[in-house]
>>> print(open('entry-v1.csv').read())   # CSV, C-alpha atoms
chain,number,residue,atom,x,y,z
A,1,GLU,CA,-61.8,-116.8,184.5
A,2,GLY,CA,-65.4,-115.6,185.1
A,3,GLN,CA,-65.4,-117.3,188.5
A,4,HIS,CA,-65.8,-115.0,191.5
A,5,GLN,CA,-63.9,-115.4,194.7
A,6,VAL,CA,-66.2,-115.1,197.8
A,7,SER,CA,-64.9,-114.3,201.2
A,8,LYS,CA,-66.2,-116.3,204.2
A,9,ASP,CA,-67.8,-113.1,205.4
A,10,GLN,CA,-70.1,-113.0,202.4
A,11,LEU,CA,-71.5,-116.5,202.9
A,12,VAL,CA,-74.8,-117.1,204.6
A,13,LEU,CA,-74.2,-120.9,204.8
A,14,GLN,CA,-71.4,-122.7,206.6
A,15,PRO,CA,-68.0,-122.4,204.8
A,16,GLU,CA,-67.9,-126.1,204.0
A,17,ALA,CA,-70.9,-125.7,201.8
A,18,VAL,CA,-69.0,-123.6,199.3
A,19,ALA,CA,-66.4,-126.2,198.2
A,20,PRO,CA,-67.5,-129.6,199.6
A,21,ALA,CA,-64.6,-131.4,198.0
A,22,ARG,CA,-62.3,-129.5,200.2
A,23,ALA,CA,-64.5,-129.3,203.3
A,24,CYS,CA,-64.5,-132.7,205.0
A,25,GLU,CA,-62.6,-132.9,208.2
A,26,ALA,CA,-59.9,-135.6,208.6
A,27,SER,CA,-57.6,-136.3,211.5
A,28,SER,CA,-54.5,-135.7,209.4
A,29,ALA,CA,-55.8,-132.4,208.0
A,30,LYS,CA,-56.5,-128.9,209.3
A,31,VAL,CA,-60.1,-128.2,210.1
A,32,GLY,CA,-61.9,-127.3,206.8
A,33,GLU,CA,-59.4,-129.1,204.6
A,34,LEU,CA,-59.5,-132.4,202.9
A,35,PRO,CA,-56.4,-134.4,202.5
A,36,GLU,CA,-55.1,-134.5,198.9
A,37,ARG,CA,-56.1,-138.2,198.5
A,38,ALA,CA,-59.7,-137.5,199.7
A,39,THR,CA,-60.0,-134.4,197.5
A,40,SER,CA,-59.0,-136.6,194.6
A,41,VAL,CA,-61.6,-139.3,195.5
A,42,VAL,CA,-64.4,-136.7,195.7
A,43,LEU,CA,-63.4,-135.1,192.4
A,44,GLN,CA,-63.1,-138.6,190.8
A,45,SER,CA,-66.7,-139.3,191.9
A,46,TRP,CA,-67.9,-136.3,189.8
A,47,GLN,CA,-65.8,-137.6,186.9
A,48,GLN,CA,-67.4,-141.1,187.3
A,49,VAL,CA,-70.9,-139.6,187.4
A,50,LYS,CA,-70.1,-137.7,184.1
A,51,LEU,CA,-68.7,-140.9,182.5
A,52,VAL,CA,-72.0,-142.8,183.3
A,53,GLY,CA,-73.8,-139.9,181.6
A,54,LEU,CA,-75.8,-137.1,183.2
A,55,ASP,CA,-79.0,-138.2,181.3
A,56,SER,CA,-78.6,-141.7,182.6
A,57,VAL,CA,-77.9,-140.5,186.2
A,58,GLY,CA,-80.8,-138.0,185.8
A,59,GLU,CA,-83.2,-140.9,184.9
A,60,MET,CA,-82.0,-142.9,187.9
A,61,LEU,CA,-82.6,-139.8,190.1
A,62,ARG,CA,-86.1,-139.3,188.7
A,63,ILE,CA,-87.0,-142.9,189.4
A,64,ASN,CA,-85.5,-143.0,192.9
A,65,THR,CA,-87.0,-139.6,194.0
A,66,LEU,CA,-90.5,-140.4,192.7
A,67,ALA,CA,-90.4,-143.8,194.4
A,68,ILE,CA,-89.7,-142.0,197.7
A,69,ASP,CA,-92.4,-139.3,197.2
A,70,SER,CA,-94.4,-139.1,194.0
A,71,GLU,CA,-95.4,-135.5,195.0
A,72,ALA,CA,-91.8,-134.4,194.6
A,73,VAL,CA,-92.7,-134.0,190.9
A,74,LYS,CA,-93.9,-130.6,192.0
A,75,LEU,CA,-90.2,-129.6,192.3
A,76,PHE,CA,-90.1,-129.9,188.5
A,77,ARG,CA,-93.6,-128.8,187.5
A,78,VAL,CA,-93.4,-126.7,184.3
A,79,PRO,CA,-96.8,-125.6,182.9
A,80,GLY,CA,-97.6,-127.3,179.7
A,81,ILE,CA,-94.6,-129.6,179.9
A,82,VAL,CA,-94.4,-131.4,183.3
A,83,SER,CA,-97.4,-131.7,185.6
A,84,THR,CA,-97.8,-135.3,186.8
A,85,GLY,CA,-94.5,-136.9,185.6
A,86,GLU,CA,-96.6,-139.4,183.6
A,87,GLY,CA,-96.3,-140.0,179.9
A,88,MET,CA,-93.2,-140.3,177.7
A,89,LEU,CA,-92.7,-136.6,177.1
A,90,GLN,CA,-93.0,-135.7,180.8
A,91,ARG,CA,-90.7,-138.5,181.8
A,92,MET,CA,-88.1,-137.2,179.2
A,93,ALA,CA,-88.5,-133.7,180.5
A,94,LEU,CA,-88.1,-134.9,184.1
A,95,ARG,CA,-85.0,-136.8,183.2
A,96,HIS,CA,-83.5,-133.7,181.7
A,97,LEU,CA,-84.4,-131.6,184.8
A,98,CYS,CA,-83.0,-134.3,187.1
A,99,SER,CA,-79.8,-134.3,185.1
A,100,LYS,CA,-79.5,-130.6,185.6
A,101,VAL,CA,-79.8,-131.2,189.4
A,102,VAL,CA,-76.9,-133.7,189.1
A,103,ARG,CA,-74.9,-131.2,187.1
A,104,PHE,CA,-75.5,-128.3,189.5
A,105,VAL,CA,-74.6,-130.4,192.5
A,106,GLY,CA,-71.6,-132.0,190.8
A,107,SER,CA,-70.3,-128.6,189.9
A,108,VAL,CA,-70.4,-127.5,193.5
A,109,VAL,CA,-68.8,-130.8,194.6
A,110,ALA,CA,-65.9,-130.2,192.2
A,111,GLY,CA,-65.7,-126.5,193.3
A,112,ARG,CA,-66.1,-125.4,189.7
A,113,TYR,CA,-68.9,-122.8,189.6
A,114,ASP,CA,-69.4,-119.1,189.6
A,115,TYR,CA,-70.9,-118.4,193.0
A,116,LEU,CA,-72.8,-115.3,192.1
A,117,ARG,CA,-74.3,-116.8,189.0
A,118,LEU,CA,-75.2,-120.0,190.8
A,119,VAL,CA,-77.0,-118.0,193.6
A,120,GLU,CA,-78.8,-115.9,191.0
A,121,THR,CA,-79.9,-119.0,188.9
A,122,LEU,CA,-81.0,-121.1,191.9
A,123,SER,CA,-82.8,-118.1,193.5
A,124,LYS,CA,-84.8,-117.6,190.3
A,125,LEU,CA,-85.5,-121.3,190.2
A,126,GLY,CA,-86.9,-121.2,193.7
A,127,LYS,CA,-89.3,-118.4,192.8
A,128,THR,CA,-90.7,-120.5,189.9
A,129,ARG,CA,-91.0,-123.6,192.2
A,130,ALA,CA,-93.2,-121.8,194.6
A,131,VAL,CA,-95.7,-121.3,191.7
A,132,GLY,CA,-95.5,-125.0,190.8
A,133,GLY,CA,-96.6,-126.0,194.3
A,134,ALA,CA,-93.3,-127.4,195.6
A,135,ARG,CA,-92.9,-127.8,199.3
A,136,GLU,CA,-89.8,-127.9,201.4
A,137,GLU,CA,-90.2,-131.6,202.2
A,138,HIS,CA,-89.9,-132.3,198.4
A,139,PHE,CA,-86.3,-131.2,198.7
A,140,GLU,CA,-85.6,-133.9,201.3
A,141,ALA,CA,-87.1,-136.5,199.0
A,142,LEU,CA,-84.8,-135.3,196.2
A,143,LYS,CA,-81.8,-135.4,198.6
A,144,GLN,CA,-82.7,-139.0,199.5
A,145,GLY,CA,-83.1,-139.9,195.8
A,146,LEU,CA,-79.8,-138.4,195.0
A,147,ASP,CA,-78.1,-140.3,197.8
A,148,ILE,CA,-79.6,-143.6,196.6
A,149,THR,CA,-78.7,-142.8,193.0
A,150,LEU,CA,-75.1,-142.0,193.8
A,151,ARG,CA,-74.7,-145.1,195.9
A,152,GLU,CA,-76.0,-147.1,192.8
A,153,VAL,CA,-73.7,-145.2,190.4
A,154,LEU,CA,-70.5,-145.1,192.4
A,155,GLY,CA,-70.8,-148.4,194.3
A,156,ASP,CA,-67.8,-149.0,196.6
A,157,THR,CA,-66.3,-145.6,195.8
A,158,TYR,CA,-69.3,-143.9,197.4
A,159,THR,CA,-67.4,-143.6,200.7
A,160,LYS,CA,-68.5,-141.5,203.8
A,161,GLU,CA,-66.3,-138.6,202.7
A,162,VAL,CA,-67.7,-138.7,199.1
A,163,GLN,CA,-71.3,-138.9,200.4
A,164,HIS,CA,-70.6,-136.0,202.8
A,165,ALA,CA,-69.3,-133.8,199.9
A,166,TRP,CA,-72.3,-134.6,197.7
A,167,MET,CA,-74.9,-134.2,200.4
A,168,THR,CA,-73.3,-130.9,201.5
A,169,ALA,CA,-73.3,-129.6,198.0
A,170,TYR,CA,-76.9,-130.7,197.5
A,171,SER,CA,-77.9,-128.9,200.8
A,172,PHE,CA,-76.1,-125.8,199.7
A,173,ASN,CA,-78.0,-125.7,196.4
A,174,ALA,CA,-81.3,-126.6,198.0
A,175,ALA,CA,-80.9,-123.9,200.6
A,176,ILE,CA,-80.6,-121.2,197.9
A,177,VAL,CA,-83.6,-122.6,196.0
A,178,ILE,CA,-85.7,-122.8,199.2
A,179,GLU,CA,-84.8,-119.2,200.1
A,180,GLY,CA,-86.0,-118.1,196.6
A,181,MET,CA,-89.2,-120.1,197.1
A,182,ARG,CA,-89.9,-118.6,200.5
A,183,SER,CA,-89.2,-115.1,199.1
A,184,ALA,CA,-91.7,-115.7,196.3
A,185,GLN,CA,-94.3,-117.2,198.7
A,186,GLY,CA,-93.9,-114.1,200.9
A,187,SER,CA,-94.5,-111.9,197.9
A,188,MET,CA,-97.6,-113.8,196.8
A,189,THR,CA,-99.0,-113.7,200.4
A,190,ALA,CA,-98.3,-109.9,200.5
A,191,ARG,CA,-100.2,-109.3,197.2
A,192,THR,CA,-103.2,-111.3,198.3
A,193,ALA,CA,-103.4,-109.6,201.7
>>> encode(input="entry-v1.csv", output="C-alpha cells")
Amino acid sequence: EGQHQVSKDQLVLQPEAVAPARACEASSAKVGELPERATSVVLQSWQQVKLVGLDSVGEMLRINTLAIDSEAVKLFRVPGIVSTGEGMLQRMALRHLCSKVVRFVGSVVAGRYDYLRLVETLSKLGKTRAVGGAREEHFEALKQGLDITLREVLGDTYTKEVQHAWMTAYSFNAAIVIEGMRSAQGSMTARTA
C-alpha cells in the first residue's frame, strides 16, 4: 500500500525505466518483459548489494566515482558539511550520501518505490544540486562509478541483464534529478536577468 500505479501515458521516460527488473528484452519473452529467471537474478542482485551493506557499497561508490572525476563531489555538496570530500567527517557524509544513491537506484531496480514520492524527492534534490555547482557530466561519472562498484560487489552475477537493469534505473533517477537541476538553474537565471 502507499505505492501509486502509473500508466504508461504519464511517463516522460521510456517505460523500461519504470521497472528495470522487468524491462530487459529476451528472445523468449514478450517485448518489455523479463523472463522469470532473469527477473529473479536482477532482484537477487539488489538483495546481494543489501547483504554487503549499503554503507560499504556507498563507500566503494564514493571511492570509484571520485577516482573518475574528483569534481563529482559537487553532486553531494552540502554547505557546512561536504565541500571538498576531504577529511574524515566529509568522507563519512559522502559515504552516507552515496549509500542513499545505491538505495534509491536499488529500489527502482527492484520495482519497489512510490513513483510520485520518488519524483518529488529527486526533483527537490536536483534543485539543491544546482546551488552546489553540480554539472550534468558529474552524473555520468557517478554512473560509471556505480557500474564499477556493482561489478566489484556482484562479481560474476553482474551479467549484462543485471547491468542493464541497474544502469537503466540509475538513468531514470538521474534524469529526474537533472530535470530538477535545470529547472532551478532556469529560475536562478530568470531572477538575475
>>> atom_distance(input="entry-v1.csv", atom1="CA of Leu122 (chain A)", atom2="CA of Val177 (chain A)")
5.1 Å
>>> atom_distance(input="entry-v1.csv", atom1="CA of Leu61 (chain A)", atom2="CA of Asp156 (chain A)")
18.6 Å
>>> closest_residue(input="entry-v1.csv", among="A:Phe76, A:Ser45, A:Thr65, A:Ser40", to="Gly155 (chain A)", atoms="all atoms listed in the file")
A:Ser45
>>> atom_distance(input="entry-v1.csv", atom1="CA of Gly180 (chain A)", atom2="CA of Ser123 (chain A)")
4.5 Å
>>> residues_around(input="entry-v1.csv", residues="Asp147 (chain A)", least_positions_apart="5", cutoff="9 Å", atoms="all atoms listed in the file", output="list in words")
Leu61, Leu142, Glu152, Gln163, Trp166 and Met167 of chain A
>>> residues_around(input="entry-v1.csv", residues="Ala72 (chain A)", least_positions_apart="6", cutoff="10 Å", atoms="all atoms listed in the file", output="list in words")
Arg62, Thr65, Leu66, Thr84, Gly85, Gly133, Ala134, Arg135, Glu136, Glu137, His138, Phe139, Glu140, Ala141 and Leu142 of chain A
>>> closest_residue(input="entry-v1.csv", among="A:Val57, A:Leu75, A:Ala174, A:Ala67", to="Ser99 (chain A)", atoms="only C-alpha atoms")
A:Val57
>>> closest_residue(input="entry-v1.csv", among="A:Arg129, A:Arg91, A:Arg117, A:His164", to="Glu179 (chain A)", atoms="all atoms listed in the file")
A:Arg129
>>> closest_residue(input="entry-v1.csv", among="A:Ile68, A:Met88, A:Leu97, A:Leu118", to="Lys143 (chain A)", atoms="only C-alpha atoms")
A:Ile68
>>> closest_residue(input="entry-v1.csv", among="A:Leu43, A:Ile176, A:Leu94, A:Met181", to="Tyr115 (chain A)", atoms="only C-alpha atoms")
A:Ile176
>>> closest_residue(input="entry-v1.csv", among="A:Ser107, A:Gln47, A:Thr149, A:Thr168", to="Glu59 (chain A)", atoms="only C-alpha atoms")
A:Thr149
>>> residues_around(input="entry-v1.csv", residues="Met60 (chain A)", least_positions_apart="4", cutoff="9 Å", atoms="only C-alpha atoms", output="ChimeraX atom specification")
/A:55-56,64-65,95,98,145-146,149,152-153
>>> residues_around(input="entry-v1.csv", residues="Thr157 (chain A)", least_positions_apart="2", cutoff="10 Å", atoms="all atoms listed in the file", output="PyMOL selection string")
chain A and resi 41-42+44-45+48+150-151+153-155+159-163
>>> decode(input="entry-v1.csv", residues="region 136-149 of chain A", atoms="N, CA and C atoms", output="compact mmCIF listing (two decimals), in the first residue's frame")
# COMPACT_ATOMS: atom_id res chain seq x y z
N GLU A 136 25.92 18.42 -15.29
CA GLU A 136 25.36 17.18 -15.83
C GLU A 136 26.42 16.10 -16.05
N GLU A 137 27.63 16.49 -16.39
CA GLU A 137 28.68 15.48 -16.61
C GLU A 137 29.05 14.74 -15.33
N HIS A 138 28.76 15.35 -14.17
CA HIS A 138 29.03 14.67 -12.90
C HIS A 138 28.14 13.43 -12.75
N PHE A 139 26.96 13.47 -13.34
CA PHE A 139 26.06 12.31 -13.26
C PHE A 139 26.61 11.13 -14.05
N GLU A 140 27.32 11.43 -15.14
CA GLU A 140 27.94 10.35 -15.92
C GLU A 140 29.07 9.71 -15.12
N ALA A 141 29.85 10.54 -14.40
CA ALA A 141 30.93 10.00 -13.56
C ALA A 141 30.34 9.11 -12.46
N LEU A 142 29.22 9.54 -11.89
CA LEU A 142 28.57 8.75 -10.84
C LEU A 142 28.04 7.43 -11.43
N LYS A 143 27.51 7.48 -12.64
CA LYS A 143 27.02 6.26 -13.30
C LYS A 143 28.17 5.29 -13.54
N GLN A 144 29.29 5.80 -14.02
CA GLN A 144 30.46 4.94 -14.24
C GLN A 144 30.96 4.36 -12.92
N GLY A 145 30.96 5.21 -11.88
CA GLY A 145 31.38 4.74 -10.55
C GLY A 145 30.46 3.64 -10.04
N LEU A 146 29.15 3.80 -10.27
CA LEU A 146 28.19 2.78 -9.85
C LEU A 146 28.41 1.48 -10.61
N ASP A 147 28.65 1.58 -11.91
CA ASP A 147 28.89 0.39 -12.72
C ASP A 147 30.12 -0.37 -12.22
N ILE A 148 31.20 0.33 -11.95
CA ILE A 148 32.42 -0.30 -11.43
C ILE A 148 32.15 -0.93 -10.06
N THR A 149 31.45 -0.19 -9.21
CA THR A 149 31.14 -0.67 -7.86
C THR A 149 30.31 -1.94 -7.91
